[in-house]
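Source file: structure-v6.txt (compact mmCIF, C-alpha atoms)
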```txt
# COMPACT_ATOMS: atom_id res chain seq x y z
CA MET A 83 -6.44 -130.99 -14.47
CA GLU A 84 -8.56 -128.02 -15.38
CA CYS A 85 -6.97 -125.09 -17.04
CA VAL A 86 -8.15 -121.55 -17.75
CA PHE A 87 -6.02 -118.74 -19.08
CA GLY A 88 -6.50 -115.33 -20.61
CA MET A 89 -4.73 -112.32 -22.07
CA VAL A 90 -5.42 -108.78 -23.18
CA GLY A 91 -4.63 -107.61 -26.70
CA LYS A 92 -5.22 -104.46 -28.72
CA GLY A 93 -8.87 -103.71 -28.24
CA PHE A 94 -9.85 -107.21 -27.17
CA ALA A 95 -9.40 -109.82 -24.45
CA LEU A 96 -9.12 -113.55 -24.94
CA VAL A 97 -10.09 -116.36 -22.55
CA VAL A 98 -9.17 -119.98 -23.16
CA ALA A 99 -10.43 -122.88 -21.07
CA ASP A 100 -10.26 -126.62 -21.26
CA SER A 101 -13.57 -128.43 -21.73
CA SER A 102 -13.18 -131.62 -19.77
CA ALA A 103 -15.58 -132.68 -17.02
CA VAL A 104 -13.74 -135.30 -15.03
CA ASN A 105 -14.54 -137.47 -12.04
CA SER A 106 -11.49 -139.31 -10.73
CA ILE A 107 -10.27 -141.38 -13.70
CA LEU A 108 -13.44 -141.01 -15.75
CA VAL A 109 -13.99 -138.28 -18.34
CA HIS A 110 -17.71 -137.54 -18.22
CA LYS A 111 -17.65 -135.17 -21.16
CA SER A 112 -15.07 -133.29 -23.15
CA ASN A 113 -17.16 -130.44 -24.51
CA GLU A 114 -18.09 -128.68 -21.27
CA ASP A 115 -18.23 -124.93 -21.75
CA LYS A 116 -16.49 -123.32 -18.79
CA ILE A 117 -16.45 -119.80 -20.13
CA MET A 118 -19.73 -118.13 -19.34
CA VAL A 119 -20.88 -115.11 -21.32
CA LEU A 120 -22.01 -112.80 -18.52
CA ASP A 121 -23.48 -110.12 -20.70
CA SER A 122 -22.89 -108.59 -24.09
CA HIS A 123 -19.30 -107.59 -23.29
CA LYS A 124 -18.07 -109.86 -20.51
CA LEU A 125 -16.59 -113.34 -20.36
CA MET A 126 -16.09 -115.34 -17.21
CA GLY A 127 -13.80 -118.35 -17.45
CA ALA A 128 -14.06 -120.48 -14.33
CA SER A 129 -12.22 -123.52 -13.06
CA GLY A 130 -12.57 -125.53 -9.90
CA GLU A 131 -15.15 -127.71 -8.15
CA ALA A 132 -17.70 -128.53 -10.83
CA GLY A 133 -20.87 -127.88 -8.81
CA ASP A 134 -19.53 -124.64 -7.32
CA ARG A 135 -18.42 -123.52 -10.77
CA ALA A 136 -21.84 -123.99 -12.35
CA GLN A 137 -23.71 -122.50 -9.39
CA PHE A 138 -21.47 -119.50 -8.89
CA THR A 139 -21.15 -118.54 -12.55
CA GLU A 140 -24.91 -118.73 -13.03
CA TYR A 141 -25.48 -116.72 -9.85
CA VAL A 142 -23.12 -113.99 -11.06
CA GLN A 143 -24.65 -114.00 -14.56
CA LYS A 144 -28.16 -113.52 -13.21
CA ASN A 145 -27.09 -110.78 -10.82
CA VAL A 146 -25.25 -108.93 -13.58
CA ALA A 147 -28.43 -109.09 -15.67
CA LEU A 148 -30.53 -107.92 -12.70
CA TYR A 149 -28.33 -104.87 -12.25
CA GLN A 150 -28.86 -103.98 -15.89
CA TYR A 151 -32.63 -104.37 -15.60
CA ARG A 152 -32.81 -102.30 -12.42
CA ASN A 153 -30.46 -99.53 -13.44
CA GLY A 154 -30.77 -99.42 -17.19
CA ILE A 155 -27.03 -99.57 -17.77
CA PRO A 156 -24.66 -102.54 -17.69
CA LEU A 157 -22.04 -103.04 -15.02
CA THR A 158 -18.47 -102.15 -15.92
CA THR A 159 -15.98 -105.02 -15.95
CA LYS A 160 -14.31 -103.64 -12.83
CA ALA A 161 -17.63 -103.46 -11.02
CA ALA A 162 -18.51 -107.00 -12.01
CA ALA A 163 -15.09 -108.19 -10.82
CA ASN A 164 -15.56 -106.48 -7.46
CA PHE A 165 -19.06 -107.92 -7.13
CA MET A 166 -17.68 -111.42 -7.69
CA ARG A 167 -14.89 -110.82 -5.21
CA GLY A 168 -17.41 -109.61 -2.64
CA GLU A 169 -19.54 -112.72 -3.05
CA LEU A 170 -16.55 -115.02 -2.81
CA ALA A 171 -15.21 -113.14 0.23
CA THR A 172 -18.56 -113.29 2.05
CA ALA A 173 -18.89 -116.99 1.38
CA LEU A 174 -15.26 -117.69 2.24
CA ARG A 175 -15.70 -118.11 5.96
CA LYS A 176 -19.09 -119.82 5.75
CA ASN A 177 -19.30 -122.08 2.73
CA PRO A 178 -16.53 -121.26 0.29
CA TYR A 179 -16.92 -121.49 -3.47
CA MET A 180 -13.93 -123.42 -4.74
CA VAL A 181 -13.88 -121.57 -8.05
CA ASN A 182 -11.04 -119.66 -9.71
CA ILE A 183 -12.11 -117.04 -12.22
CA VAL A 184 -10.64 -115.20 -15.16
CA LEU A 185 -12.92 -112.29 -16.01
CA ALA A 186 -12.48 -110.55 -19.36
CA GLY A 187 -14.50 -107.56 -20.45
CA TYR A 188 -14.66 -104.67 -22.82
CA ASP A 189 -15.85 -101.23 -21.72
CA GLN A 190 -16.42 -98.33 -24.08
CA GLU A 191 -14.43 -95.88 -21.96
CA THR A 192 -11.57 -98.05 -20.73
CA GLY A 193 -11.18 -100.70 -23.42
CA PRO A 194 -10.41 -104.35 -22.73
CA SER A 195 -9.53 -105.57 -19.25
CA LEU A 196 -8.74 -108.85 -17.56
CA TYR A 197 -9.15 -109.77 -13.90
CA PHE A 198 -7.70 -112.59 -11.82
CA ILE A 199 -10.00 -113.74 -8.99
CA ASP A 200 -8.92 -116.80 -7.08
CA TYR A 201 -11.11 -118.91 -4.80
CA ILE A 202 -9.94 -117.06 -1.67
CA ALA A 203 -11.29 -113.86 -3.26
CA THR A 204 -8.00 -112.23 -4.15
CA LEU A 205 -8.71 -109.76 -6.94
CA HIS A 206 -6.11 -108.31 -9.27
CA LYS A 207 -6.27 -106.60 -12.63
CA VAL A 208 -3.80 -108.23 -15.00
CA ASP A 209 -2.69 -108.42 -18.63
CA LYS A 210 -2.30 -112.19 -18.65
CA THR A 211 -3.18 -114.89 -16.21
CA ALA A 212 -3.79 -118.63 -15.85
CA PHE A 213 -5.21 -121.14 -13.37
CA GLY A 214 -4.69 -124.84 -12.84
CA TYR A 215 -1.76 -127.15 -13.53
CA GLY A 216 -1.75 -125.80 -17.08
CA SER A 217 -0.86 -122.41 -15.63
CA TYR A 218 2.72 -123.54 -15.05
CA PHE A 219 3.10 -123.88 -18.81
CA ALA A 220 0.73 -121.17 -20.00
CA LEU A 221 2.15 -118.44 -17.76
CA SER A 222 5.71 -119.24 -18.77
CA MET A 223 4.81 -119.21 -22.46
CA MET A 224 2.99 -115.92 -22.02
CA ASP A 225 5.87 -114.42 -20.03
CA ARG A 226 8.13 -115.20 -22.96
CA HIS A 227 5.93 -114.30 -25.94
CA TYR A 228 3.31 -111.85 -24.69
CA HIS A 229 3.65 -108.17 -25.44
CA PRO A 230 1.12 -105.39 -25.03
CA ASN A 231 -1.21 -104.50 -27.95
CA MET A 232 -1.05 -107.86 -29.71
CA THR A 233 -3.35 -108.40 -32.66
CA VAL A 234 -5.99 -111.13 -32.56
CA ASP A 235 -3.84 -113.36 -34.78
CA GLU A 236 -0.78 -112.92 -32.56
CA ALA A 237 -2.84 -113.64 -29.45
CA LEU A 238 -4.33 -116.77 -31.01
CA GLU A 239 -0.87 -117.92 -31.99
CA LEU A 240 0.25 -117.46 -28.39
CA ALA A 241 -2.86 -119.26 -27.11
CA ASP A 242 -2.07 -122.15 -29.47
CA GLN A 243 1.50 -122.26 -28.23
CA CYS A 244 0.20 -122.46 -24.66
CA ILE A 245 -2.27 -125.21 -25.57
CA ASP A 246 0.45 -127.16 -27.39
CA GLU A 247 2.72 -126.90 -24.39
CA ILE A 248 -0.04 -128.08 -22.04
CA ARG A 249 -0.85 -130.98 -24.35
CA SER A 250 2.73 -132.10 -24.63
CA ARG A 251 3.89 -131.59 -21.05
CA LEU A 252 0.92 -132.17 -18.74
CA VAL A 253 0.54 -135.82 -17.85
CA VAL A 254 -3.27 -135.83 -17.92
CA ALA A 255 -3.78 -133.05 -20.39
CA PRO A 256 -7.33 -131.99 -21.28
CA GLN A 257 -8.51 -133.17 -24.67
CA ASN A 258 -10.27 -130.09 -25.97
CA PHE A 259 -10.10 -126.34 -25.42
CA VAL A 260 -12.54 -123.55 -26.14
CA ILE A 261 -11.46 -120.02 -27.01
CA LYS A 262 -13.73 -117.05 -26.48
CA ILE A 263 -13.04 -113.44 -27.30
CA VAL A 264 -14.51 -110.13 -26.18
CA ASP A 265 -14.01 -106.87 -28.03
CA GLN A 266 -15.92 -103.79 -29.07
CA ASP A 267 -18.42 -105.92 -30.97
CA GLY A 268 -19.20 -108.09 -28.00
CA ALA A 269 -18.37 -111.36 -26.31
CA ARG A 270 -18.54 -114.50 -28.42
CA GLU A 271 -17.16 -117.96 -28.89
CA HIS A 272 -14.21 -117.84 -31.21
CA SER A 273 -13.13 -121.42 -31.84
CA TRP A 274 -12.34 -124.83 -30.40
CA ARG A 275 -9.12 -126.79 -30.33
CA ARG A 276 -10.16 -130.41 -30.39
CA THR A 277 -8.42 -133.72 -30.23
CA THR A 278 -11.62 -135.71 -29.65
CA ARG A 279 -15.22 -135.23 -30.71
CA ASP A 280 -18.15 -135.69 -28.31
CA MET B 267 2.83 -123.29 4.60
CA SER B 268 1.11 -120.82 6.90
CA ILE B 269 -1.86 -118.86 5.58
CA PHE B 270 0.08 -115.66 6.25
CA GLU B 271 2.67 -116.84 3.75
CA TYR B 272 0.20 -117.79 1.04
CA ASN B 273 0.53 -114.64 -1.04
CA GLY B 274 3.89 -113.34 0.21
CA SER B 275 4.44 -109.77 1.32
CA ALA B 276 6.95 -107.34 2.81
CA LEU B 277 6.16 -104.03 4.47
CA VAL B 278 8.23 -101.46 6.31
CA ALA B 279 7.58 -97.99 7.68
CA MET B 280 10.16 -95.55 9.02
CA VAL B 281 10.11 -92.25 10.83
CA GLY B 282 12.21 -89.29 9.73
CA LYS B 283 12.42 -85.63 10.64
CA ASN B 284 8.87 -84.32 10.15
CA CYS B 285 8.24 -87.01 7.58
CA PHE B 286 7.69 -90.73 7.27
CA ALA B 287 8.22 -93.40 4.65
CA ILE B 288 6.22 -96.55 4.01
CA ALA B 289 7.34 -99.19 1.55
CA SER B 290 6.21 -102.57 0.28
CA ASP B 291 7.19 -105.22 -2.20
CA ARG B 292 5.12 -105.78 -5.37
CA ARG B 293 4.74 -109.53 -5.69
CA LEU B 294 1.41 -111.31 -5.65
CA GLY B 295 1.94 -115.03 -5.46
CA VAL B 296 -0.03 -118.19 -4.88
CA GLN B 297 2.44 -120.10 -2.75
CA LEU B 298 5.42 -120.76 -4.97
CA GLN B 299 3.91 -119.37 -8.19
CA THR B 300 4.05 -115.65 -9.01
CA ILE B 301 0.79 -114.28 -10.38
CA ALA B 302 1.53 -110.55 -10.67
CA THR B 303 4.38 -108.14 -10.13
CA ASP B 304 2.42 -104.95 -9.57
CA PHE B 305 0.28 -105.73 -6.55
CA GLN B 306 -0.67 -102.81 -4.35
CA ARG B 307 -0.22 -103.31 -0.60
CA ILE B 308 -0.10 -99.73 0.62
CA PHE B 309 -3.28 -97.69 0.58
CA LYS B 310 -3.96 -94.04 1.21
CA ILE B 311 -6.64 -93.29 3.77
CA HIS B 312 -6.11 -89.55 3.58
CA ASP B 313 -3.26 -87.26 2.58
CA LYS B 314 -1.41 -87.78 5.83
CA LEU B 315 -2.35 -91.37 6.63
CA PHE B 316 -1.28 -94.53 4.87
CA VAL B 317 -1.93 -98.13 5.77
CA GLY B 318 -0.06 -101.14 4.48
CA LEU B 319 -1.62 -104.57 4.77
CA SER B 320 0.58 -107.65 4.62
CA GLY B 321 -0.53 -111.25 4.77
CA LEU B 322 -3.41 -112.85 2.89
CA GLY B 323 -4.28 -110.67 -0.12
CA SER B 324 -7.98 -111.36 0.03
CA ASP B 325 -8.30 -110.35 3.69
CA ALA B 326 -6.10 -107.30 3.02
CA GLN B 327 -8.53 -106.19 0.31
CA THR B 328 -11.58 -106.89 2.50
CA LEU B 329 -10.09 -105.08 5.49
CA TYR B 330 -9.05 -102.12 3.33
CA GLN B 331 -12.58 -101.76 1.98
CA ARG B 332 -14.01 -101.86 5.50
CA LEU B 333 -11.46 -99.30 6.72
CA VAL B 334 -12.21 -96.88 3.90
CA PHE B 335 -15.91 -97.25 4.72
CA ARG B 336 -15.34 -96.49 8.40
CA HIS B 337 -13.09 -93.56 7.63
CA LYS B 338 -15.56 -92.03 5.18
CA LEU B 339 -18.30 -92.31 7.82
CA TYR B 340 -15.97 -90.68 10.33
CA GLN B 341 -15.29 -87.85 7.89
CA LEU B 342 -19.01 -87.29 7.39
CA ARG B 343 -19.72 -87.21 11.11
CA GLU B 344 -16.65 -85.35 12.38
CA GLU B 345 -16.03 -83.21 9.27
CA ARG B 346 -12.32 -83.91 9.50
CA ASP B 347 -9.78 -86.63 8.80
CA MET B 348 -8.90 -89.26 11.38
CA LYS B 349 -5.72 -88.87 13.35
CA PRO B 350 -3.25 -91.73 12.88
CA GLU B 351 -3.47 -92.73 16.55
CA THR B 352 -7.23 -92.94 16.30
CA PHE B 353 -7.04 -94.91 13.08
CA ALA B 354 -4.63 -97.36 14.66
CA SER B 355 -7.09 -97.92 17.49
CA LEU B 356 -9.87 -98.42 14.95
CA VAL B 357 -7.88 -101.05 13.07
CA SER B 358 -6.98 -102.76 16.33
CA ALA B 359 -10.63 -102.89 17.39
CA MET B 360 -11.78 -104.19 14.02
CA LEU B 361 -9.19 -106.95 14.10
CA TYR B 362 -10.04 -107.98 17.66
CA GLU B 363 -13.73 -108.19 16.72
CA LYS B 364 -12.70 -111.21 14.71
CA ARG B 365 -10.66 -112.67 17.55
CA PHE B 366 -11.89 -116.25 16.99
CA GLY B 367 -11.96 -116.09 13.21
CA PRO B 368 -9.35 -113.46 12.39
CA TYR B 369 -8.36 -111.59 9.27
CA PHE B 370 -5.00 -113.01 8.24
CA VAL B 371 -3.33 -109.64 7.88
CA GLN B 372 -0.67 -107.66 9.65
CA PRO B 373 -1.25 -103.95 9.17
CA VAL B 374 1.39 -101.25 9.19
CA ILE B 375 0.00 -97.80 9.83
CA ALA B 376 1.94 -94.62 9.14
CA GLY B 377 0.74 -91.05 9.35
CA LEU B 378 1.43 -87.47 10.32
CA GLY B 379 -0.42 -86.62 13.49
CA GLU B 380 -0.96 -83.35 15.30
CA ASP B 381 1.65 -80.72 14.40
CA ASP B 382 2.74 -83.09 11.63
CA LYS B 383 4.52 -85.37 14.06
CA PRO B 384 5.20 -88.70 12.34
CA PHE B 385 3.40 -91.73 13.76
CA ILE B 386 3.97 -95.38 12.87
CA CYS B 387 2.67 -98.57 14.32
CA THR B 388 2.09 -102.20 13.46
CA MET B 389 -0.09 -104.88 14.97
CA ASP B 390 -0.57 -108.60 14.76
CA SER B 391 -3.57 -110.24 13.18
CA ILE B 392 -5.73 -109.84 16.28
CA GLY B 393 -4.93 -106.20 16.89
CA ALA B 394 -2.07 -106.08 19.39
CA LYS B 395 -0.59 -102.66 18.70
CA GLU B 396 3.12 -102.08 18.63
CA LEU B 397 4.01 -98.40 18.64
CA ALA B 398 7.56 -97.64 17.64
CA LYS B 399 9.59 -94.49 17.41
CA ASP B 400 11.88 -95.61 14.63
CA PHE B 401 10.58 -98.32 12.29
CA VAL B 402 8.05 -101.12 12.00
CA VAL B 403 8.05 -104.14 9.71
CA ALA B 404 5.62 -106.84 8.62
CA GLY B 405 5.31 -109.68 6.17
CA THR B 406 7.19 -112.80 5.14
CA ALA B 407 10.49 -110.88 4.98
CA SER B 408 10.00 -109.33 8.43
CA GLU B 409 12.99 -111.01 10.05
CA SER B 410 15.36 -109.79 7.36
CA LEU B 411 13.70 -106.39 7.54
CA TYR B 412 14.26 -106.13 11.29
CA GLY B 413 17.96 -106.71 10.80
CA ALA B 414 18.32 -104.39 7.83
CA CYS B 415 16.37 -101.56 9.46
CA GLU B 416 18.16 -101.88 12.79
CA SER B 417 21.53 -101.49 11.13
CA MET B 418 20.60 -98.81 8.60
CA PHE B 419 18.27 -96.60 10.64
CA LYS B 420 19.32 -93.25 12.08
CA PRO B 421 16.98 -90.86 13.87
CA ASP B 422 15.92 -87.54 12.29
CA MET B 423 16.76 -88.27 8.69
CA ASP B 424 15.40 -85.86 6.11
CA HIS B 425 13.13 -87.18 3.39
CA GLU B 426 15.84 -87.85 0.81
CA GLU B 427 18.06 -89.77 3.19
CA LEU B 428 14.99 -91.57 4.54
CA PHE B 429 14.08 -92.67 1.03
CA GLU B 430 17.55 -94.08 0.47
CA THR B 431 17.57 -95.87 3.80
CA ILE B 432 14.14 -97.43 3.53
CA SER B 433 14.75 -98.46 -0.07
CA GLN B 434 18.03 -100.18 0.74
CA ALA B 435 16.51 -101.91 3.76
CA LEU B 436 13.52 -103.12 1.76
CA VAL B 437 15.38 -104.30 -1.32
CA SER B 438 18.12 -106.11 0.59
CA SER B 439 15.52 -107.94 2.70
CA ILE B 440 13.14 -108.96 -0.06
CA ASP B 441 16.02 -110.14 -2.23
CA ARG B 442 16.59 -112.82 0.38
CA ASP B 443 12.95 -113.83 0.65
CA CYS B 444 11.52 -116.02 -2.08
CA LEU B 445 7.91 -115.08 -1.35
CA SER B 446 8.30 -111.33 -1.65
CA GLY B 447 10.06 -109.21 -4.23
CA TRP B 448 9.67 -108.08 -7.82
CA GLY B 449 10.63 -104.57 -6.91
CA GLY B 450 9.46 -102.12 -4.31
CA HIS B 451 6.89 -99.40 -3.87
CA VAL B 452 7.95 -96.48 -1.63
CA TYR B 453 5.86 -93.57 -0.40
CA ILE B 454 7.64 -90.62 1.23
CA VAL B 455 5.20 -88.34 3.04
CA THR B 456 6.06 -84.86 4.27
CA PRO B 457 3.61 -82.23 5.54
CA THR B 458 3.51 -80.67 2.07
CA GLU B 459 3.70 -83.53 -0.41
CA VAL B 460 3.56 -87.25 -1.04
CA THR B 461 6.17 -88.84 -3.31
CA GLU B 462 5.62 -92.28 -4.74
CA ARG B 463 8.52 -94.20 -6.26
CA ILE B 464 8.98 -97.66 -7.75
CA LEU B 465 12.18 -99.53 -7.00
CA LYS B 466 13.83 -102.16 -9.11
CA GLY B 467 15.46 -105.04 -7.27
CA ARG B 468 16.11 -108.66 -8.14
CA MET B 469 13.21 -109.36 -10.48
CA ASP B 470 12.62 -112.85 -9.24
```
Output the file's structure in the form of structure tokens.
Amino acid sequence: MECVFGMVGKGFALVVADSSAVNSILVHKSNEDKIMVLDSHKLMGASGEAGDRAQFTEYVQKNVALYQYRNGIPLTTKAAANFMRGELATALRKNPYMVNIVLAGYDQETGPSLYFIDYIATLHKVDKTAFGYGSYFALSMMDRHYHPNMTVDEALELADQCIDEIRSRLVVAPQNFVIKIVDQDGAREHSWRRTTRD
Amino acid sequence: MSIFEYNGSALVAMVGKNCFAIASDRRLGVQLQTIATDFQRIFKIHDKLFVGLSGLGSDAQTLYQRLVFRHKLYQLREERDMKPETFASLVSAMLYEKRFGPYFVQPVIAGLGEDDKPFICTMDSIGAKELAKDFVVAGTASESLYGACESMFKPDMDHEELFETISQALVSSIDRDCLSGWGGHVYIVTPTEVTERILKGRMD
């Protein structure tokens, strides 16, 4: 019952993901970090098949770094999103990656942006998005309470409302959530929302 | 649910007097869940040629990127834009290349050909062209669209009347289809200008 969601605020973008690693009825760990920091100003929250998630996110991270080494400048968020979509699309008819991605980034010229990339390689630029069973609750909460240009505090309040809703209404709700934020100063872990300690 | 109905889409193109209109819905869904309400399905190839891609969003994006690539190469070699008839043949060939592993899209092509004569066509996912003189439809709402267009269409409408007609046909059809909707996107193309308008329908 993995869940990733994200939203864009005023000058920043937020990504929230659950941190459970589950196999059937067993919870292997509940502090798995599913939001990868791609580079200084990009966050990639991924949900889906655990092996594909780890492999694909690392593959993208290394290729993003390689581009920067070769060309001397970092990829824009849009370019990184399109690169990911291309990789997923190429693999789709051979050996698909079962990974859904929320990509958040901050670019000097265009500000914060958020991209929805599902496992079939559908790419769309959005203001708010969510994946997983939790998306049924998170998207509805965000549809009701989200407005453009929210402050960090307002966005965190909305994220908490989404997490509370998931916790109360999803039958096998994840125990812990991690929140990461990307803004002008970079991409970083913001906080955790725990019910259990690992 | 069929893979063509995974994302949900509705497309229609109509011929008028020295002009054409192409319109689409704006919903991007994942089966029953709506993800976005501003998804772009109609793309400009050049000033007088538009292509709409219904069906699976991912394949629509892939096919669009490949088509832009081919058209840009064509422009470099021929030093001119592609005619709509030629483009339709190109799309048909590209789709048939994947005959045994197809792109899950149904394109709608609309353009102004030689002497600014309007041209529209659609094809199935493996490139069977259907040229029409009046209107073409595609997507999950295609059956409704056929009915709406058949009753509302008149030949030789000017661009304003064409806009009204295509808008009414689109909105009334997508309002009855749960997988497409959230408004409409209409392009009216005349020899001199391109007008883009957003429609508001049942926002569900």
Practice problem: Grab the CA of Ser438 in chain B to CA of Lys420 in chain B distance for me, in Å with one decimal place. | Solution: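 Result for CA of Ser438 in chain B versus CA of Lys420 in chain B: 17.3 Å, one decimal.
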Quiz item: Would you list which chain A residues are within 8 Å of chain B using all atoms listed in the file, as JSON, numbers by chain?
Solution: {"A": [171, 202, 203, 204, 205, 206, 208, 211]}
May I have the centre and edge lengths, in Å to one decimal, of an axis-aligned box around the listed atoms of range 97-104 of chain A with 4 Å added to every side, as lines of an AutoDock Vina configuration file?
```
center_x = -12.4
center_y = -125.8
center_z = -19.1
size_x = 14.4
size_y = 26.9
size_z = 16.1
```
Quiz prompt | Residues within 10 Å of (6.6, -98.5, 11.9), file coords, all atoms listed in the file, listed as a list in words | solution =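 I get Leu277, Val278, Ala279, Met280, Val281, Phe286, Ala287, Ile288, Pro373, Val374, Ile375, Ala376, Gly377, Pro384, Phe385, Ile386, Cys387, Thr388, Met389, Glu396, Leu397, Ala398, Lys399, Asp400, Phe401, Val402, Val403 and Ala404 of chain B for the residues within 10 Å of that point.
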Quiz item: Interatomic distance between CA of Phe198 in chain A and CA of Thr277 in chain A?
Solution: 28.0 Å
Can you put all heavy atoms back into range 438-445 of chain B and show it as a PDB file, keeping the file's coordinate frame?
```
ATOM      1  N   SER B 438      17.193-105.073   0.131  1.00  0.00           N
ATOM      2  CA  SER B 438      18.120-106.110   0.590  1.00  0.00           C
ATOM      3  C   SER B 438      17.378-107.226   1.319  1.00  0.00           C
ATOM      4  O   SER B 438      17.775-108.393   1.235  1.00  0.00           O
ATOM      5  CB  SER B 438      19.206-105.509   1.481  1.00  0.00           C
ATOM      6  OG  SER B 438      18.615-104.904   2.596  1.00  0.00           O
ATOM      7  N   SER B 439      16.284-106.901   1.988  1.00  0.00           N
ATOM      8  CA  SER B 439      15.520-107.940   2.700  1.00  0.00           C
ATOM      9  C   SER B 439      14.707-108.792   1.756  1.00  0.00           C
ATOM     10  O   SER B 439      14.673-110.019   1.869  1.00  0.00           O
ATOM     11  CB  SER B 439      14.593-107.312   3.731  1.00  0.00           C
ATOM     12  OG  SER B 439      15.321-106.503   4.599  1.00  0.00           O
ATOM     13  N   ILE B 440      13.997-108.164   0.804  1.00  0.00           N
ATOM     14  CA  ILE B 440      13.140-108.960  -0.060  1.00  0.00           C
ATOM     15  C   ILE B 440      13.948-109.766  -1.065  1.00  0.00           C
ATOM     16  O   ILE B 440      13.490-110.793  -1.553  1.00  0.00           O
ATOM     17  CB  ILE B 440      12.058-108.110  -0.782  1.00  0.00           C
ATOM     18  CG1 ILE B 440      12.670-107.101  -1.730  1.00  0.00           C
ATOM     19  CG2 ILE B 440      11.158-107.444   0.227  1.00  0.00           C
ATOM     20  CD1 ILE B 440      11.634-106.213  -2.401  1.00  0.00           C
ATOM     21  N   ASP B 441      15.187-109.338  -1.335  1.00  0.00           N
ATOM     22  CA  ASP B 441      16.020-110.140  -2.230  1.00  0.00           C
ATOM     23  C   ASP B 441      16.371-111.479  -1.593  1.00  0.00           C
ATOM     24  O   ASP B 441      16.702-112.428  -2.307  1.00  0.00           O
ATOM     25  CB  ASP B 441      17.309-109.378  -2.569  1.00  0.00           C
ATOM     26  CG  ASP B 441      17.065-108.315  -3.637  1.00  0.00           C
ATOM     27  OD1 ASP B 441      15.951-108.268  -4.181  1.00  0.00           O
ATOM     28  OD2 ASP B 441      17.998-107.535  -3.914  1.00  0.00           O
ATOM     29  N   ARG B 442      16.294-111.568  -0.302  1.00  0.00           N
ATOM     30  CA  ARG B 442      16.590-112.820   0.380  1.00  0.00           C
ATOM     31  C   ARG B 442      15.345-113.625   0.730  1.00  0.00           C
ATOM     32  O   ARG B 442      15.434-114.656   1.370  1.00  0.00           O
ATOM     33  CB  ARG B 442      17.379-112.523   1.673  1.00  0.00           C
ATOM     34  CG  ARG B 442      18.847-112.272   1.429  1.00  0.00           C
ATOM     35  CD  ARG B 442      19.562-113.516   1.030  1.00  0.00           C
ATOM     36  NE  ARG B 442      20.996-113.322   0.877  1.00  0.00           N
ATOM     37  CZ  ARG B 442      21.845-114.282   0.525  1.00  0.00           C
ATOM     38  NH1 ARG B 442      21.392-115.504   0.282  1.00  0.00           N
ATOM     39  NH2 ARG B 442      23.134-114.031   0.404  1.00  0.00           N
ATOM     40  N   ASP B 443      14.190-113.131   0.335  1.00  0.00           N
ATOM     41  CA  ASP B 443      12.950-113.830   0.650  1.00  0.00           C
ATOM     42  C   ASP B 443      12.289-114.251  -0.655  1.00  0.00           C
ATOM     43  O   ASP B 443      11.998-113.420  -1.509  1.00  0.00           O
ATOM     44  CB  ASP B 443      12.012-112.913   1.441  1.00  0.00           C
ATOM     45  CG  ASP B 443      10.676-113.556   1.721  1.00  0.00           C
ATOM     46  OD1 ASP B 443      10.596-114.800   1.721  1.00  0.00           O
ATOM     47  OD2 ASP B 443       9.705-112.811   1.943  1.00  0.00           O
ATOM     48  N   CYS B 444      12.064-115.566  -0.797  1.00  0.00           N
ATOM     49  CA  CYS B 444      11.520-116.020  -2.080  1.00  0.00           C
ATOM     50  C   CYS B 444      10.068-115.628  -2.287  1.00  0.00           C
ATOM     51  O   CYS B 444       9.596-115.545  -3.420  1.00  0.00           O
ATOM     52  CB  CYS B 444      11.673-117.525  -2.222  1.00  0.00           C
ATOM     53  SG  CYS B 444      10.989-118.442  -0.855  1.00  0.00           S
ATOM     54  N   LEU B 445       9.340-115.356  -1.202  1.00  0.00           N
ATOM     55  CA  LEU B 445       7.910-115.080  -1.350  1.00  0.00           C
ATOM     56  C   LEU B 445       7.595-113.606  -1.559  1.00  0.00           C
ATOM     57  O   LEU B 445       6.455-113.264  -1.859  1.00  0.00           O
ATOM     58  CB  LEU B 445       7.146-115.585  -0.121  1.00  0.00           C
ATOM     59  CG  LEU B 445       7.163-117.090   0.065  1.00  0.00           C
ATOM     60  CD1 LEU B 445       6.505-117.445   1.384  1.00  0.00           C
ATOM     61  CD2 LEU B 445       6.439-117.783  -1.067  1.00  0.00           C
TER      62      LEU B 445
END
```
